[in-house]
Every structure is written in C-alpha cells, then in structure tokens.
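Listing of final.cif, mmCIF, N, CA, C and O atoms
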data_input
loop_
_atom_site.label_atom_id
_atom_site.label_comp_id
_atom_site.auth_asym_id
_atom_site.auth_seq_id
_atom_site.Cartn_x
_atom_site.Cartn_y
_atom_site.Cartn_z
N MET A 1 -45.00 213.90 200.11
CA MET A 1 -44.95 213.83 201.55
C MET A 1 -43.69 214.51 202.08
O MET A 1 -43.74 215.23 203.05
N SER A 2 -42.56 214.26 201.42
CA SER A 2 -41.31 214.85 201.91
C SER A 2 -41.35 216.37 201.80
O SER A 2 -40.75 217.06 202.62
N LEU A 3 -42.07 216.90 200.81
CA LEU A 3 -42.19 218.35 200.68
C LEU A 3 -43.00 218.93 201.84
O LEU A 3 -42.67 219.99 202.37
N ILE A 4 -44.03 218.22 202.26
CA ILE A 4 -44.81 218.67 203.42
C ILE A 4 -43.93 218.67 204.67
O ILE A 4 -43.95 219.63 205.45
N CYS A 5 -43.13 217.65 204.85
CA CYS A 5 -42.23 217.58 206.01
C CYS A 5 -41.22 218.72 205.99
O CYS A 5 -40.93 219.33 207.02
N LEU A 6 -40.68 219.01 204.82
CA LEU A 6 -39.74 220.12 204.68
C LEU A 6 -40.40 221.43 205.09
O LEU A 6 -39.82 222.23 205.83
N TRP A 7 -41.61 221.65 204.63
CA TRP A 7 -42.33 222.87 205.01
C TRP A 7 -42.60 222.91 206.51
O TRP A 7 -42.43 223.96 207.14
N LEU A 8 -42.98 221.79 207.09
CA LEU A 8 -43.27 221.77 208.53
C LEU A 8 -42.01 222.02 209.35
O LEU A 8 -42.05 222.71 210.37
N ASP A 9 -40.89 221.47 208.92
CA ASP A 9 -39.64 221.59 209.67
C ASP A 9 -38.91 222.92 209.47
O ASP A 9 -38.31 223.44 210.40
N GLU A 10 -38.95 223.45 208.25
CA GLU A 10 -38.06 224.57 207.94
C GLU A 10 -38.73 225.83 207.43
O GLU A 10 -38.28 226.93 207.72
N ARG A 11 -39.76 225.70 206.64
CA ARG A 11 -40.26 226.87 205.91
C ARG A 11 -41.49 227.54 206.52
O ARG A 11 -41.65 228.74 206.45
N LEU A 12 -42.38 226.75 207.10
CA LEU A 12 -43.65 227.29 207.57
C LEU A 12 -43.45 228.33 208.66
O LEU A 12 -44.15 229.34 208.69
N LEU A 13 -42.48 228.14 209.54
CA LEU A 13 -42.26 229.09 210.63
C LEU A 13 -41.86 230.47 210.12
O LEU A 13 -42.01 231.46 210.82
N LYS A 14 -41.39 230.56 208.87
CA LYS A 14 -41.05 231.84 208.27
C LYS A 14 -42.28 232.54 207.69
O LYS A 14 -42.24 233.72 207.39
N VAL A 15 -43.38 231.78 207.52
CA VAL A 15 -44.58 232.30 206.88
C VAL A 15 -45.67 232.61 207.90
O VAL A 15 -46.36 233.62 207.80
N VAL A 16 -45.83 231.75 208.87
CA VAL A 16 -46.92 231.89 209.84
C VAL A 16 -46.44 231.40 211.22
O VAL A 16 -45.62 230.49 211.29
N GLU A 17 -46.96 232.03 212.25
CA GLU A 17 -46.60 231.60 213.60
C GLU A 17 -47.72 230.74 214.18
O GLU A 17 -48.87 231.16 214.25
N LEU A 18 -47.36 229.52 214.53
CA LEU A 18 -48.30 228.59 215.15
C LEU A 18 -47.71 228.10 216.46
O LEU A 18 -46.48 228.02 216.59
N PRO A 19 -48.55 227.73 217.45
CA PRO A 19 -48.01 227.17 218.69
C PRO A 19 -47.26 225.85 218.44
O PRO A 19 -46.28 225.54 219.09
N GLU A 20 -47.73 225.07 217.47
CA GLU A 20 -47.12 223.79 217.12
C GLU A 20 -47.35 223.58 215.63
O GLU A 20 -48.45 223.81 215.13
N TYR A 21 -46.32 223.13 214.94
CA TYR A 21 -46.42 222.98 213.48
C TYR A 21 -46.83 221.58 213.05
O TYR A 21 -47.46 221.40 212.02
N TRP A 22 -46.47 220.56 213.82
CA TRP A 22 -46.80 219.17 213.46
C TRP A 22 -48.20 218.81 213.97
O TRP A 22 -48.38 217.92 214.79
N THR A 23 -49.18 219.54 213.48
CA THR A 23 -50.58 219.32 213.82
C THR A 23 -51.39 219.33 212.53
O THR A 23 -50.87 219.65 211.46
N LYS A 24 -52.67 219.02 212.64
CA LYS A 24 -53.54 219.07 211.46
C LYS A 24 -53.53 220.47 210.87
O LYS A 24 -53.45 220.65 209.65
N GLU A 25 -53.60 221.48 211.72
CA GLU A 25 -53.58 222.88 211.25
C GLU A 25 -52.26 223.20 210.54
O GLU A 25 -52.25 223.82 209.48
N GLY A 26 -51.14 222.74 211.10
CA GLY A 26 -49.84 222.97 210.48
C GLY A 26 -49.73 222.29 209.12
O GLY A 26 -49.22 222.88 208.17
N ILE A 27 -50.20 221.06 209.04
CA ILE A 27 -50.16 220.33 207.78
C ILE A 27 -51.01 221.04 206.74
O ILE A 27 -50.59 221.21 205.58
N CYS A 28 -52.21 221.49 207.11
CA CYS A 28 -53.07 222.20 206.18
C CYS A 28 -52.42 223.49 205.70
O CYS A 28 -52.47 223.83 204.51
N MET A 29 -51.77 224.22 206.61
CA MET A 29 -51.07 225.44 206.22
C MET A 29 -49.91 225.14 205.28
O MET A 29 -49.70 225.85 204.29
N ALA A 30 -49.16 224.08 205.56
CA ALA A 30 -48.04 223.69 204.69
C ALA A 30 -48.55 223.35 203.30
O ALA A 30 -47.97 223.78 202.29
N VAL A 31 -49.63 222.59 203.22
CA VAL A 31 -50.19 222.21 201.93
C VAL A 31 -50.64 223.45 201.17
O VAL A 31 -50.39 223.59 199.96
N ARG A 32 -51.29 224.40 201.87
CA ARG A 32 -51.70 225.64 201.20
C ARG A 32 -50.52 226.38 200.61
O ARG A 32 -50.57 226.87 199.48
N GLU A 33 -49.43 226.48 201.39
CA GLU A 33 -48.23 227.19 200.90
C GLU A 33 -47.60 226.45 199.72
O GLU A 33 -47.14 227.07 198.77
N ILE A 34 -47.57 225.13 199.79
CA ILE A 34 -47.01 224.34 198.69
C ILE A 34 -47.82 224.56 197.42
O ILE A 34 -47.26 224.73 196.33
N LEU A 35 -49.14 224.55 197.54
CA LEU A 35 -50.00 224.73 196.38
C LEU A 35 -49.86 226.12 195.77
O LEU A 35 -50.07 226.29 194.57
N LYS A 36 -49.47 227.11 196.57
CA LYS A 36 -49.27 228.46 196.05
C LYS A 36 -47.91 228.61 195.36
O LYS A 36 -47.71 229.54 194.60
N SER A 37 -46.98 227.70 195.64
CA SER A 37 -45.62 227.84 195.11
C SER A 37 -45.45 227.03 193.83
O SER A 37 -46.21 226.13 193.52
N LYS A 38 -44.42 227.36 193.10
CA LYS A 38 -44.06 226.61 191.89
C LYS A 38 -43.01 225.59 192.29
O LYS A 38 -42.05 225.93 192.98
N ASN A 39 -43.19 224.34 191.88
CA ASN A 39 -42.18 223.32 192.19
C ASN A 39 -42.11 222.29 191.08
O ASN A 39 -43.06 222.11 190.31
N THR A 40 -41.00 221.62 190.98
CA THR A 40 -40.76 220.69 189.86
C THR A 40 -41.68 219.48 189.91
O THR A 40 -42.03 218.94 188.86
N LEU A 41 -42.09 219.04 191.09
CA LEU A 41 -42.99 217.90 191.18
C LEU A 41 -44.31 218.20 190.47
O LEU A 41 -44.78 217.42 189.65
N PHE A 42 -44.89 219.35 190.76
CA PHE A 42 -46.14 219.72 190.11
C PHE A 42 -45.94 219.90 188.61
O PHE A 42 -46.79 219.52 187.81
N ASP A 43 -44.81 220.52 188.23
CA ASP A 43 -44.52 220.71 186.81
C ASP A 43 -44.46 219.36 186.09
O ASP A 43 -45.00 219.21 184.99
N ASP A 44 -43.80 218.37 186.70
CA ASP A 44 -43.70 217.04 186.09
C ASP A 44 -45.05 216.36 185.99
O ASP A 44 -45.37 215.73 184.98
N VAL A 45 -45.85 216.47 187.05
CA VAL A 45 -47.18 215.84 187.02
C VAL A 45 -48.04 216.48 185.94
O VAL A 45 -48.70 215.77 185.17
N ILE A 46 -48.01 217.79 185.85
CA ILE A 46 -48.80 218.49 184.83
C ILE A 46 -48.35 218.06 183.43
O ILE A 46 -49.16 217.76 182.56
N LYS A 47 -47.03 218.00 183.22
CA LYS A 47 -46.49 217.57 181.92
C LYS A 47 -46.95 216.16 181.59
O LYS A 47 -47.38 215.88 180.47
N ASN A 48 -46.91 215.25 182.57
CA ASN A 48 -47.32 213.87 182.34
C ASN A 48 -48.83 213.76 182.08
O ASN A 48 -49.25 212.96 181.25
N VAL A 49 -49.63 214.55 182.77
CA VAL A 49 -51.08 214.54 182.53
C VAL A 49 -51.37 215.04 181.12
O VAL A 49 -52.22 214.48 180.42
N GLU A 50 -50.66 216.07 180.71
CA GLU A 50 -50.91 216.64 179.37
C GLU A 50 -50.43 215.72 178.24
O GLU A 50 -51.05 215.68 177.18
N ASN A 51 -49.33 215.00 178.47
CA ASN A 51 -48.68 214.28 177.37
C ASN A 51 -48.87 212.76 177.37
O ASN A 51 -48.48 212.11 176.41
N ASP A 52 -49.44 212.20 178.42
CA ASP A 52 -49.55 210.74 178.50
C ASP A 52 -50.98 210.36 178.88
O ASP A 52 -51.42 210.59 180.01
N SER A 53 -51.70 209.78 177.93
CA SER A 53 -53.12 209.47 178.18
C SER A 53 -53.31 208.44 179.29
O SER A 53 -54.28 208.50 180.05
N GLY A 54 -52.37 207.49 179.42
CA GLY A 54 -52.47 206.50 180.50
C GLY A 54 -52.31 207.14 181.86
O GLY A 54 -53.06 206.83 182.81
N PHE A 55 -51.35 208.04 181.99
CA PHE A 55 -51.15 208.76 183.26
C PHE A 55 -52.34 209.66 183.54
O PHE A 55 -52.79 209.77 184.68
N ARG A 56 -52.89 210.28 182.50
CA ARG A 56 -54.06 211.14 182.67
C ARG A 56 -55.24 210.33 183.22
O ARG A 56 -55.92 210.76 184.14
N ARG A 57 -55.46 209.12 182.66
CA ARG A 57 -56.55 208.25 183.16
C ARG A 57 -56.29 207.84 184.61
O ARG A 57 -57.21 207.80 185.43
N LEU A 58 -55.02 207.53 184.92
CA LEU A 58 -54.66 207.13 186.28
C LEU A 58 -54.94 208.27 187.26
O LEU A 58 -55.59 208.08 188.30
N ALA A 59 -54.47 209.48 186.94
CA ALA A 59 -54.68 210.64 187.82
C ALA A 59 -56.16 210.94 187.98
O ALA A 59 -56.64 211.19 189.10
N LYS A 60 -56.91 210.90 186.89
CA LYS A 60 -58.35 211.15 186.96
C LYS A 60 -59.03 210.11 187.84
O LYS A 60 -59.88 210.44 188.67
N GLY A 61 -58.66 208.85 187.67
CA GLY A 61 -59.26 207.79 188.46
C GLY A 61 -59.02 207.97 189.95
O GLY A 61 -59.93 207.80 190.77
N ILE A 62 -57.80 208.33 190.31
CA ILE A 62 -57.46 208.51 191.73
C ILE A 62 -58.09 209.79 192.28
O ILE A 62 -58.75 209.77 193.33
N LEU A 63 -57.88 210.91 191.59
CA LEU A 63 -58.27 212.21 192.13
C LEU A 63 -59.76 212.52 192.01
O LEU A 63 -60.34 213.12 192.92
N LEU A 64 -60.37 212.14 190.91
CA LEU A 64 -61.76 212.53 190.68
C LEU A 64 -62.76 211.41 190.94
O LEU A 64 -63.92 211.68 191.27
N GLU A 65 -62.32 210.16 190.78
CA GLU A 65 -63.24 209.05 190.95
C GLU A 65 -63.00 208.26 192.23
O GLU A 65 -63.74 207.35 192.55
N GLY A 66 -61.92 208.59 192.95
CA GLY A 66 -61.64 207.93 194.22
C GLY A 66 -61.16 206.49 194.10
O GLY A 66 -61.25 205.73 195.05
N ARG A 67 -60.66 206.12 192.92
CA ARG A 67 -60.19 204.75 192.73
C ARG A 67 -58.92 204.51 193.54
O ARG A 67 -58.11 205.40 193.74
N GLN A 68 -58.76 203.30 194.01
CA GLN A 68 -57.53 202.88 194.71
C GLN A 68 -56.73 202.02 193.75
O GLN A 68 -57.23 201.00 193.25
N ILE A 69 -55.50 202.42 193.49
CA ILE A 69 -54.63 201.75 192.54
C ILE A 69 -53.46 201.14 193.29
O ILE A 69 -52.80 201.84 194.06
N PRO A 70 -53.16 199.87 193.09
CA PRO A 70 -51.98 199.27 193.76
C PRO A 70 -50.69 199.98 193.33
O PRO A 70 -50.53 200.32 192.16
N TYR A 71 -49.82 200.20 194.28
CA TYR A 71 -48.55 200.88 194.02
C TYR A 71 -47.55 199.86 193.50
O TYR A 71 -46.94 199.12 194.26
N LYS A 72 -47.42 199.79 192.18
CA LYS A 72 -46.49 198.85 191.54
C LYS A 72 -45.66 199.62 190.53
O LYS A 72 -46.20 200.17 189.56
N LEU A 73 -44.35 199.68 190.75
CA LEU A 73 -43.49 200.41 189.82
C LEU A 73 -43.44 199.75 188.45
O LEU A 73 -43.02 200.38 187.47
N SER A 74 -43.88 198.50 188.36
CA SER A 74 -43.93 197.84 187.06
C SER A 74 -45.05 198.41 186.18
O SER A 74 -45.06 198.21 184.98
N ASN A 75 -45.98 199.15 186.78
CA ASN A 75 -47.03 199.84 186.05
C ASN A 75 -46.41 201.13 185.49
O ASN A 75 -46.01 202.00 186.25
N PRO A 76 -46.33 201.30 184.17
CA PRO A 76 -45.67 202.47 183.60
C PRO A 76 -46.29 203.80 184.03
O PRO A 76 -45.57 204.78 184.18
N GLU A 77 -47.59 203.84 184.23
CA GLU A 77 -48.23 205.08 184.68
C GLU A 77 -47.83 205.42 186.11
O GLU A 77 -47.61 206.58 186.44
N ILE A 78 -47.75 204.43 186.98
CA ILE A 78 -47.28 204.65 188.35
C ILE A 78 -45.84 205.13 188.32
O ILE A 78 -45.46 206.09 189.00
N ASP A 79 -45.02 204.50 187.50
CA ASP A 79 -43.61 204.85 187.41
C ASP A 79 -43.42 206.31 186.99
O ASP A 79 -42.51 206.98 187.47
N LEU A 80 -44.29 206.82 186.13
CA LEU A 80 -44.20 208.23 185.73
C LEU A 80 -44.39 209.18 186.91
O LEU A 80 -43.84 210.27 186.93
N GLY A 81 -45.19 208.77 187.88
CA GLY A 81 -45.48 209.63 189.02
C GLY A 81 -44.51 209.51 190.17
O GLY A 81 -44.64 210.21 191.17
N VAL A 82 -43.51 208.65 190.05
CA VAL A 82 -42.55 208.44 191.13
C VAL A 82 -41.29 209.25 190.83
O VAL A 82 -40.76 209.20 189.72
N THR A 83 -40.83 209.99 191.83
CA THR A 83 -39.62 210.79 191.63
C THR A 83 -38.38 209.92 191.71
O THR A 83 -38.40 208.82 192.28
N LEU A 84 -37.29 210.41 191.17
CA LEU A 84 -36.02 209.70 191.22
C LEU A 84 -35.59 209.48 192.67
O LEU A 84 -35.09 208.41 193.02
N GLU A 85 -35.83 210.46 193.53
CA GLU A 85 -35.47 210.33 194.95
C GLU A 85 -36.22 209.18 195.60
O GLU A 85 -35.66 208.38 196.34
N GLU A 86 -37.52 209.05 195.29
CA GLU A 86 -38.31 207.95 195.84
C GLU A 86 -37.80 206.61 195.34
O GLU A 86 -37.75 205.64 196.08
N LYS A 87 -37.42 206.53 194.06
CA LYS A 87 -36.89 205.29 193.52
C LYS A 87 -35.59 204.90 194.21
O LYS A 87 -35.37 203.73 194.52
N ASN A 88 -34.74 205.88 194.49
CA ASN A 88 -33.49 205.60 195.19
C ASN A 88 -33.76 205.06 196.58
O ASN A 88 -33.07 204.15 197.05
N ILE A 89 -34.75 205.61 197.27
CA ILE A 89 -35.10 205.13 198.61
C ILE A 89 -35.62 203.70 198.53
O ILE A 89 -35.26 202.85 199.35
N LEU A 90 -36.47 203.42 197.55
CA LEU A 90 -37.05 202.08 197.41
C LEU A 90 -36.01 201.01 197.10
O LEU A 90 -36.12 199.89 197.53
N TRP A 91 -35.03 201.36 196.29
CA TRP A 91 -34.07 200.37 195.81
C TRP A 91 -32.80 200.30 196.64
O TRP A 91 -31.96 199.45 196.40
N ASN A 92 -32.61 201.18 197.61
CA ASN A 92 -31.40 201.14 198.46
C ASN A 92 -31.71 200.67 199.85
O ASN A 92 -32.72 200.60 200.33
#
Let me see the file written as structure tokens.
Amino acid sequence: MSLICLWLDERLLKVVELPEYWTKEGICMAVREILKSKNTLFDDVIKNVENDSGFRRLAKGILLEGRQIPYKLSNPEIDLGVTLEEKNILWN
C-alpha cells in the first residue's frame, strides 16, 4: 500500500499526466507501473513462495482461491509476508 501511495504522490506524475492522481484511474496506473518495475518487496515474496511451502500455500489460497486469512503475526507464514517497516509501525 505504501508503495502505491509513493507512486501516487511522487512518481506517477513523471510517467503520465492525469487531471487527478488520487482516483481509481490513478491507482490503476500506479499499480501498472509498480508491476513493471523491479522492487525488493516482490523479490522477497517470490523468494518466499519458492522456498517456503507454507507461504506458498498461503499465497495460493489468498490469490488463486480467494481465501480470507486472519492477519496474525504469530502465524509464521503471515510473518514472512510482513516487511520490517510494517512491523515497526505495528509495534511503535
């Protein structure tokens, strides 16, 4: 989510001109640009999907099967998907 906000606030205006960026169209454009770029979050998720069968099942359940999983950091698979920045926000 924070990466989408960063793109809406700072980066998208350098790529495309829109009348307003904080709209559904702006969010879709930001997501498209993020998906085209290389970033550490995606690298970490890919690494975890490849190397951890529990995380792979979790990601498959959410993304492909539409399962809703409670957000509990005590769940090791959920913890793998949480960035250090998010943990700092949660605990401070």
So that I can check the surroundings of Gly81 in chain A, please list as a PyMOL selection string every protein, DNA and RNA residue that reaches within 8 Å of it, counting only N, CA, C and O atoms and ignoring chain neighbours fewer than 4 positions away. chain A and resi 41+44-45+48+55+75-77
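For the pair atom C of Gln68 in chain A and CA of Ser53 in chain A, the interatomic distance is 17.6 Å.
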Axis-aligned box for range 41-53 of chain A, 6 Å per side, centre and edges in Å as AutoDock Vina command-line options:
--center_x -48.2 --center_y 214.6 --center_z 183.8 --size_x 24.2 --size_y 24.3 --size_z 26.8
State, in Å with one decimal place, the distance from atom O of Leu35 in chain A to atom N of Leu3 in chain A. 13.8 Å
Got a sec: who's within 8 Å of range 20-30 of chain A, counting all atoms listed in the file, leaving out chain neighbours fewer than 4 positions off, as a list in words?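 Selected residues are Leu3, Ile4, Cys5, Leu6, Trp7, Leu8, Asp9, Arg11, Leu12, Leu13, Val16, Ile34, Leu35, Lys36 and Ser37 of chain A.
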